[in-house]
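Structure data (mmCIF, C-alpha atoms) from my_file.cif:
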```cif
data_work
#
loop_
_atom_site.label_atom_id
_atom_site.label_comp_id
_atom_site.auth_asym_id
_atom_site.auth_seq_id
_atom_site.Cartn_x
_atom_site.Cartn_y
_atom_site.Cartn_z
CA MET J 1 21.74 14.90 2.00
CA ASN J 2 23.72 12.96 -0.61
CA LEU J 3 21.94 9.66 -1.19
CA ASN J 4 25.04 8.21 -2.86
CA LEU J 5 23.22 6.66 -5.82
CA THR J 6 25.91 7.51 -8.36
CA GLY J 7 26.91 4.34 -10.17
CA LYS J 8 23.65 2.56 -9.32
CA ARG J 9 21.29 1.42 -12.05
CA ALA J 10 17.55 1.65 -11.38
CA LEU J 11 14.54 0.22 -13.16
CA VAL J 12 11.25 1.91 -12.28
CA THR J 13 8.31 0.03 -13.76
CA GLY J 14 5.50 2.16 -15.11
CA SER J 15 7.73 5.23 -15.15
CA SER J 16 6.44 6.96 -18.26
CA VAL J 17 3.78 8.86 -16.25
CA GLY J 18 2.66 9.77 -12.74
CA LEU J 19 4.38 8.48 -9.62
CA GLY J 20 6.78 6.37 -11.63
CA GLU J 21 7.91 9.34 -13.68
CA ALA J 22 8.48 11.48 -10.59
CA THR J 23 10.40 8.67 -8.91
CA ALA J 24 12.61 8.04 -11.93
CA LYS J 25 13.46 11.72 -12.26
CA LEU J 26 14.41 12.07 -8.59
CA LEU J 27 16.57 8.94 -8.62
CA ALA J 28 18.30 10.28 -11.72
CA ALA J 29 18.86 13.65 -10.02
CA GLU J 30 20.50 11.74 -7.16
CA GLY J 31 22.96 10.15 -9.59
CA ALA J 32 21.39 6.82 -10.56
CA SER J 33 21.26 5.65 -14.16
CA LEU J 34 17.61 5.08 -15.01
CA VAL J 35 15.77 2.53 -17.07
CA ILE J 36 12.40 4.03 -17.95
CA HIS J 37 9.72 1.42 -18.48
CA GLY J 38 6.33 1.72 -20.09
CA ARG J 39 4.19 0.43 -22.91
CA ASP J 40 3.98 3.66 -24.91
CA GLU J 41 7.26 4.46 -26.68
CA GLU J 42 6.59 8.18 -27.08
CA ARG J 43 5.81 8.73 -23.40
CA ALA J 44 8.75 6.63 -22.19
CA GLU J 45 11.17 8.40 -24.53
CA ARG J 46 9.90 11.78 -23.35
CA VAL J 47 10.74 10.98 -19.72
CA ALA J 48 14.17 9.58 -20.66
CA ARG J 49 14.91 12.62 -22.80
CA GLU J 50 13.95 15.02 -20.01
CA ILE J 51 16.26 13.17 -17.63
CA ARG J 52 19.13 13.36 -20.12
CA ASP J 53 18.43 17.05 -20.82
CA ALA J 54 18.75 17.67 -17.06
CA GLY J 55 22.20 16.04 -17.07
CA GLY J 56 21.16 12.55 -16.01
CA SER J 57 21.41 9.11 -17.61
CA ALA J 58 18.36 7.25 -18.91
CA THR J 59 17.38 4.56 -21.40
CA THR J 60 13.98 3.03 -22.13
CA VAL J 61 12.46 -0.44 -22.23
CA LEU J 62 8.98 -1.29 -23.43
CA GLY J 63 6.84 -4.26 -22.58
CA ASP J 64 3.75 -5.63 -20.89
CA LEU J 65 4.80 -7.03 -17.51
CA ALA J 66 1.53 -8.97 -17.29
CA ASP J 67 2.94 -11.40 -19.86
CA ASP J 68 5.69 -13.87 -18.90
CA GLU J 69 7.64 -13.61 -22.14
CA ALA J 70 7.34 -9.84 -22.45
CA ALA J 71 8.42 -9.38 -18.82
CA GLY J 72 11.48 -11.50 -19.49
CA GLU J 73 12.34 -9.31 -22.47
CA VAL J 74 11.99 -6.20 -20.32
CA ALA J 75 14.37 -7.65 -17.74
CA ARG J 76 16.92 -8.62 -20.43
CA ALA J 77 16.74 -5.19 -22.05
CA ALA J 78 17.03 -3.45 -18.67
CA THR J 79 20.26 -5.31 -17.90
CA ALA J 80 21.78 -5.02 -21.39
CA ASP J 81 24.06 -2.15 -20.31
CA GLY J 82 24.71 -3.41 -16.78
CA PRO J 83 23.05 -5.02 -13.78
CA VAL J 84 20.01 -3.46 -12.13
CA ASP J 85 20.78 -2.44 -8.53
CA ILE J 86 17.41 -0.86 -7.74
CA LEU J 87 14.00 -2.21 -8.68
CA VAL J 88 10.96 -0.03 -8.04
CA ASN J 89 7.79 -2.03 -8.65
CA ASN J 90 5.41 0.79 -9.42
CA ALA J 91 3.40 -0.42 -12.43
CA GLY J 92 -0.24 -1.18 -11.79
CA PHE J 93 -3.78 -0.22 -12.65
CA TYR J 94 -7.34 -0.21 -11.40
CA ARG J 95 -10.84 0.49 -12.57
CA HIS J 96 -13.51 2.11 -10.40
CA LEU J 97 -15.91 -0.81 -10.03
CA SER J 98 -18.46 -1.88 -7.46
CA TRP J 99 -18.57 -5.37 -5.97
CA ALA J 100 -21.32 -6.21 -8.46
CA GLU J 101 -19.28 -4.92 -11.41
CA ALA J 102 -15.94 -6.51 -10.46
CA THR J 103 -16.25 -9.89 -12.15
CA PRO J 104 -13.93 -12.83 -11.41
CA ASP J 105 -12.13 -12.11 -14.69
CA GLU J 106 -11.56 -8.53 -13.53
CA TRP J 107 -10.13 -9.84 -10.27
CA ARG J 108 -7.78 -12.18 -12.15
CA ASP J 109 -6.61 -9.47 -14.54
CA THR J 110 -6.02 -6.97 -11.76
CA TYR J 111 -4.10 -9.49 -9.67
CA ASN J 112 -1.92 -10.45 -12.63
CA VAL J 113 -1.05 -6.85 -13.46
CA ASN J 114 -0.68 -5.52 -9.92
CA VAL J 115 0.87 -8.50 -8.15
CA VAL J 116 2.28 -11.15 -10.46
CA SER J 117 3.93 -8.57 -12.72
CA GLY J 118 6.01 -7.40 -9.75
CA VAL J 119 6.84 -11.00 -8.86
CA ARG J 120 8.10 -11.54 -12.40
CA MET J 121 10.53 -8.64 -12.13
CA ILE J 122 11.68 -9.71 -8.67
CA GLN J 123 12.43 -13.21 -9.89
CA HIS J 124 14.30 -11.90 -12.92
CA LEU J 125 16.39 -9.22 -11.20
CA VAL J 126 16.81 -9.90 -7.48
CA PRO J 127 18.98 -13.07 -7.75
CA ALA J 128 21.78 -10.99 -9.26
CA MET J 129 21.42 -8.38 -6.50
CA ARG J 130 21.77 -11.17 -3.97
CA GLU J 131 24.95 -12.40 -5.66
CA ARG J 132 26.47 -8.90 -5.66
CA GLY J 133 25.55 -8.32 -2.01
CA TRP J 134 23.68 -5.05 -2.57
CA GLY J 135 20.29 -4.14 -3.90
CA ARG J 136 17.05 -2.33 -3.26
CA VAL J 137 13.50 -3.42 -4.01
CA VAL J 138 10.79 -0.85 -3.34
CA THR J 139 7.17 -1.76 -3.92
CA ILE J 140 4.60 0.98 -4.31
CA GLY J 141 1.59 0.00 -2.23
CA GLY J 142 -1.22 2.08 -0.82
CA GLY J 143 -3.34 2.85 2.18
CA LEU J 144 -6.22 0.82 0.77
CA ALA J 145 -4.18 -2.28 1.60
CA SER J 146 -5.04 -1.82 5.28
CA GLN J 147 -8.04 0.51 5.10
CA PRO J 148 -10.02 -0.68 2.06
CA MET J 149 -12.97 1.12 0.54
CA ASN J 150 -16.24 -0.50 -0.44
CA THR J 151 -15.50 0.22 -4.10
CA HIS J 152 -12.90 -1.33 -6.47
CA PRO J 153 -12.41 -4.31 -4.12
CA GLN J 154 -10.24 -6.09 -6.68
CA TYR J 155 -7.72 -3.24 -6.42
CA ASN J 156 -7.82 -2.99 -2.63
CA ALA J 157 -6.96 -6.68 -2.37
CA THR J 158 -4.01 -6.44 -4.73
CA LEU J 159 -2.49 -3.64 -2.66
CA ALA J 160 -2.64 -5.87 0.40
CA ALA J 161 -0.88 -8.59 -1.60
CA ARG J 162 1.83 -6.15 -2.70
CA HIS J 163 2.52 -5.19 0.91
CA ASN J 164 2.61 -8.83 1.97
CA LEU J 165 4.93 -10.04 -0.77
CA ALA J 166 7.38 -7.20 -0.12
CA THR J 167 7.69 -8.21 3.53
CA SER J 168 8.01 -11.90 2.63
CA LEU J 169 10.79 -10.98 0.21
CA ALA J 170 12.60 -9.04 2.95
CA ARG J 171 12.60 -12.16 5.13
CA ASP J 172 13.99 -14.21 2.25
CA LEU J 173 16.79 -11.66 1.69
CA LYS J 174 18.08 -11.92 5.24
CA GLY J 175 21.82 -11.34 5.39
CA THR J 176 22.24 -10.61 1.68
CA GLY J 177 22.67 -6.82 1.71
CA VAL J 178 19.47 -6.48 -0.32
CA THR J 179 16.42 -4.81 1.22
CA SER J 180 12.73 -4.91 0.35
CA ASN J 181 10.30 -2.24 1.51
CA VAL J 182 6.96 -0.65 0.69
CA VAL J 183 6.13 2.99 0.12
CA SER J 184 2.42 3.42 0.74
CA PRO J 185 0.95 6.58 -0.78
CA GLY J 186 -2.28 8.25 0.15
CA ALA J 187 -4.27 10.11 -2.50
CA ILE J 188 -1.65 11.66 -4.76
CA LEU J 189 -2.47 14.39 -7.22
CA VAL J 190 -1.44 12.80 -10.48
CA GLU J 191 -3.28 13.84 -13.63
CA ALA J 192 -5.71 10.91 -13.49
CA THR J 193 -6.71 11.80 -9.92
CA LYS J 194 -7.34 15.42 -10.83
CA GLU J 195 -9.41 14.40 -13.86
CA LEU J 196 -11.55 12.02 -11.79
CA VAL J 197 -12.19 14.48 -8.98
CA THR J 198 -12.94 17.31 -11.41
CA ASP J 199 -15.35 15.06 -13.27
CA ILE J 200 -17.38 13.93 -10.26
CA GLY J 201 -17.09 17.13 -8.20
CA PRO J 202 -19.98 19.20 -9.56
CA ALA J 203 -22.49 16.35 -9.23
CA ARG J 204 -21.46 15.86 -5.61
CA GLY J 205 -21.83 19.51 -4.73
CA TRP J 206 -18.12 20.17 -4.31
CA GLY J 207 -18.10 23.17 -6.65
CA GLU J 208 -17.52 23.94 -10.30
CA THR J 209 -13.88 25.04 -10.50
CA TRP J 210 -10.80 23.10 -9.38
CA ASP J 211 -10.10 25.61 -6.60
CA GLU J 212 -13.60 25.01 -5.23
CA ILE J 213 -13.60 21.26 -5.76
CA ARG J 214 -10.19 20.42 -4.31
CA PRO J 215 -10.76 21.18 -0.57
CA ASN J 216 -14.22 19.63 -0.62
CA ALA J 217 -12.90 16.50 -2.32
CA VAL J 218 -10.22 16.17 0.35
CA ASN J 219 -12.76 16.46 3.15
CA ALA J 220 -15.18 14.03 1.53
CA LEU J 221 -12.80 11.39 0.19
CA ILE J 222 -9.44 11.58 1.95
CA PRO J 223 -9.63 13.48 5.25
CA ASN J 224 -6.06 13.73 6.50
CA ASP J 225 -3.98 15.77 8.91
CA GLN J 226 -2.37 17.85 6.15
CA GLU J 227 -5.78 18.62 4.59
CA ARG J 228 -4.61 18.20 1.01
CA PHE J 229 -3.68 15.78 -1.71
CA GLY J 230 -0.11 14.55 -1.79
CA GLU J 231 2.31 15.39 -4.59
CA PRO J 232 4.20 12.83 -6.73
CA ASP J 233 7.56 14.22 -5.62
CA GLU J 234 6.70 13.40 -2.01
CA ILE J 235 6.36 9.72 -2.89
CA ALA J 236 9.52 9.86 -4.97
CA ALA J 237 11.46 11.28 -2.01
CA ALA J 238 10.49 8.34 0.21
CA VAL J 239 11.51 5.87 -2.48
CA ALA J 240 14.84 7.61 -3.01
CA TYR J 241 15.61 7.49 0.70
CA LEU J 242 14.88 3.75 0.88
CA CYS J 243 17.22 3.22 -2.08
CA SER J 244 20.11 4.97 -0.34
CA ASP J 245 22.80 3.70 2.00
CA TYR J 246 21.07 5.61 4.81
CA ALA J 247 18.26 3.06 4.69
CA GLN J 248 20.39 -0.09 4.89
CA TYR J 249 18.85 -0.96 8.28
CA ILE J 250 15.30 -0.69 6.95
CA SER J 251 13.81 -3.85 5.45
CA GLY J 252 10.34 -5.34 5.50
CA ALA J 253 8.92 -1.94 6.40
CA THR J 254 5.98 0.06 5.12
CA ILE J 255 6.59 3.80 4.90
CA ARG J 256 3.27 5.62 4.74
CA VAL J 257 3.27 8.89 2.83
CA ASP J 258 -0.36 9.86 3.18
CA GLY J 259 -0.64 12.98 5.33
CA GLY J 260 -2.12 10.94 8.16
CA LEU J 261 -4.98 9.48 6.09
CA ILE J 262 -4.50 6.02 7.59
CA ARG J 263 -5.42 6.38 11.25
CA SER J 264 -3.66 3.34 12.71
CA ALA J 265 -0.59 3.87 14.88
CA PHE J 266 0.96 0.69 13.43
#
```
Could you write out this structure as structure tokens?
Amino acid sequence: MNLNLTGKRALVTGSSVGLGEATAKLLAAEGASLVIHGRDEERAERVAREIRDAGGSATTVLGDLADDEAAGEVARAATADGPVDILVNNAGFYRHLSWAEATPDEWRDTYNVNVVSGVRMIQHLVPAMRERGWGRVVTIGGGLASQPMNTHPQYNATLAARHNLATSLARDLKGTGVTSNVVSPGAILVEATKELVTDIGPARGWGETWDEIRPNAVNALIPNDQERFGEPDEIAAAVAYLCSDYAQYISGATIRVDGGLIRSAF
């Protein structure tokens, strides 16, 4: 399937590692020109270089999207060589905290990074998409938005806000040719996930080696119909589809890519 992204320019926030990196590389392979965003120059340049070495087009922008001025600079740098047609709001973070540990300041910081940062980029870049009559906004959400855990409540809540704002944006973009959707991953096997599970596995009786720990971790933490962790490329594929012309009739939707972890039919 040709997703017809040649000639489109895409900014993927937080694309120097993990899901963002996988998404940027797949969009580039489908013909889009990529703007790689991060806060670490070496990591961002590595991703851009690997895209270029594979025959794609990529530049980098650096900046902290949690800061108004820095986010504005990121948007200006991202559009220096042309307008951004595709915005993937992927950047975010969380800390594993209990309700007792998650202070009000932690809640505020997490909300600013995970929610308001995406709003900043939307407000900087979507008006021009609206004027051109074509654009894609994809927000990376998560199953914890609708099925929260008892831990890291500050993170669970921000995922729900990300889902909500993406749908609100879709309603605001009615009739413009610009769509807004959510891709909602389950537990994806990025390096940080593997490190966490490997670290806690022995103490929880899941085994000593990764091969022993992995199936037990799935059963204990993320029981799903595919009986495994997801892979970054599987999230990237859903994002790429939503960015294509094939998805023009999809807006305000949440596409779950979680192996059936979330049990709701809706």
note = Taken to one decimal, the CA of Asn4 (chain J)-CA of Ala240 (chain J) distance is 10.2 Å
request  = On this file, the PyMOL selection byres ((chain J and resi 232) around 12) gives some set of residues; write that set as an MDAnalysis selection string.
outcome  = chainID J and resid 15 17:26 185:191 193 229:231 233:239 257:258
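Distance-wise, CA of Ala10 (chain J) and CA of Ala44 (chain J) end up 14.8 Å apart.
Interatomic distance, CA of Glu227 (chain J) to CA of Gly259 (chain J): 7.7 Å.
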remark   = One residue among J:Ala203, J:Ala253, J:Leu261, J:Leu242 is nearest to Gln147 (chain J) when using all atoms listed in the file, and that residue is J:Leu261
Could the residues of region 169-203 of chain J that have an atom at most 12 Å from region 135-143 of chain J be listed as CSV, each with its closest atom pair and the distance in Å to one decimal, counting only C-alpha atoms and ordered by chain and ascending residue number?
```
residue,atom,partner,partner_atom,distance
J:Leu169,CA,J:Val137,CA,9.1
J:Ala170,CA,J:Val137,CA,9.0
J:Leu173,CA,J:Gly135,CA,10.0
J:Gly175,CA,J:Gly135,CA,11.9
J:Thr176,CA,J:Gly135,CA,8.8
J:Gly177,CA,J:Gly135,CA,6.7
J:Val178,CA,J:Gly135,CA,4.4
J:Thr179,CA,J:Arg136,CA,5.2
J:Ser180,CA,J:Val137,CA,4.7
J:Asn181,CA,J:Val138,CA,5.1
J:Val182,CA,J:Thr139,CA,4.7
J:Val183,CA,J:Ile140,CA,5.1
J:Ser184,CA,J:Gly142,CA,4.2
J:Pro185,CA,J:Gly142,CA,5.0
J:Gly186,CA,J:Gly143,CA,5.9
J:Ala187,CA,J:Gly143,CA,8.7
J:Ile188,CA,J:Gly142,CA,10.4
```
Convert the current residue selection to file output with C-alpha atoms, as an mmCIF file, in the frame of the given file.
```
data_model
loop_
_atom_site.group_PDB
_atom_site.id
_atom_site.type_symbol
_atom_site.label_atom_id
_atom_site.label_comp_id
_atom_site.auth_asym_id
_atom_site.auth_seq_id
_atom_site.Cartn_x
_atom_site.Cartn_y
_atom_site.Cartn_z
ATOM 1 C CA LEU J 169 10.790 -10.980 0.210
ATOM 2 C CA ALA J 170 12.600 -9.040 2.950
ATOM 3 C CA LEU J 173 16.790 -11.660 1.690
ATOM 4 C CA GLY J 175 21.820 -11.340 5.390
ATOM 5 C CA THR J 176 22.240 -10.610 1.680
ATOM 6 C CA GLY J 177 22.670 -6.820 1.710
ATOM 7 C CA VAL J 178 19.470 -6.480 -0.320
ATOM 8 C CA THR J 179 16.420 -4.810 1.220
ATOM 9 C CA SER J 180 12.730 -4.910 0.350
ATOM 10 C CA ASN J 181 10.300 -2.240 1.510
ATOM 11 C CA VAL J 182 6.960 -0.650 0.690
ATOM 12 C CA VAL J 183 6.130 2.990 0.120
ATOM 13 C CA SER J 184 2.420 3.420 0.740
ATOM 14 C CA PRO J 185 0.950 6.580 -0.780
ATOM 15 C CA GLY J 186 -2.280 8.250 0.150
ATOM 16 C CA ALA J 187 -4.270 10.110 -2.500
ATOM 17 C CA ILE J 188 -1.650 11.660 -4.760
#
```
May I have a table of the residues of region 56-75 of chain J lying at most 10 Å from region 111-131 of chain J, giving each one's closest pair of atoms and their distance in Å to one decimal, counting only C-alpha atoms, ordered by chain and ascending residue number, as JSON lines?
```
{"residue": "J:Asp64", "atom": "CA", "partner": "J:Ser117", "partner_atom": "CA", "distance": 8.7}
{"residue": "J:Leu65", "atom": "CA", "partner": "J:Ser117", "partner_atom": "CA", "distance": 5.1}
{"residue": "J:Ala66", "atom": "CA", "partner": "J:Val113", "partner_atom": "CA", "distance": 5.1}
{"residue": "J:Asp67", "atom": "CA", "partner": "J:Ser117", "partner_atom": "CA", "distance": 7.7}
{"residue": "J:Asp68", "atom": "CA", "partner": "J:Arg120", "partner_atom": "CA", "distance": 7.3}
{"residue": "J:Glu69", "atom": "CA", "partner": "J:Arg120", "partner_atom": "CA", "distance": 10.0}
{"residue": "J:Ala71", "atom": "CA", "partner": "J:Arg120", "partner_atom": "CA", "distance": 6.8}
{"residue": "J:Gly72", "atom": "CA", "partner": "J:His124", "partner_atom": "CA", "distance": 7.2}
{"residue": "J:Val74", "atom": "CA", "partner": "J:Met121", "partner_atom": "CA", "distance": 8.7}
{"residue": "J:Ala75", "atom": "CA", "partner": "J:His124", "partner_atom": "CA", "distance": 6.4}
```
request  = Please write as a PyMOL selection string the full residue list that the PyMOL selection byres ((chain J and resi 206) around 12) yields on this file.
outcome  = chain J and resi 197-205+207-221
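Comparing J:Pro83, J:Pro104, J:Pro153, J:Gly55 by their smallest distance to Ala29 (chain J), the closest is J:Gly55 (using only C-alpha atoms).
The closest residue to Glu106 (chain J), picked from J:Gly252, J:Phe266, J:Ser168, J:Thr158 and counting only C-alpha atoms, is J:Thr158.
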message = Running the PyMOL selection byres ((chain J and resi 150) around 12) on this model by hand, what would come out? Give it as a ChimeraX atom specification.
response = /J:96-100,102,144,147-149,151-157
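If all atoms listed in the file are the atoms counted, then among J:Thr6, J:Ala91, J:Thr254, J:Gly56 the closest residue to Ala160 (chain J) is J:Thr254.
Comparing J:Glu195, J:Gln248, J:Gly260, J:Thr110 by their smallest distance to Pro223 (chain J), the closest is J:Gly260 (using only C-alpha atoms).
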So that all listed atoms of region 73-80 of chain J fit with 8 Å spare on each side, what axis-aligned box centre and edge lengths in Å, to one decimal, would you give as JSON?
```
{"center_x": 16.9, "center_y": -6.4, "center_z": -20.1, "size_x": 25.8, "size_y": 21.9, "size_z": 20.7}
```
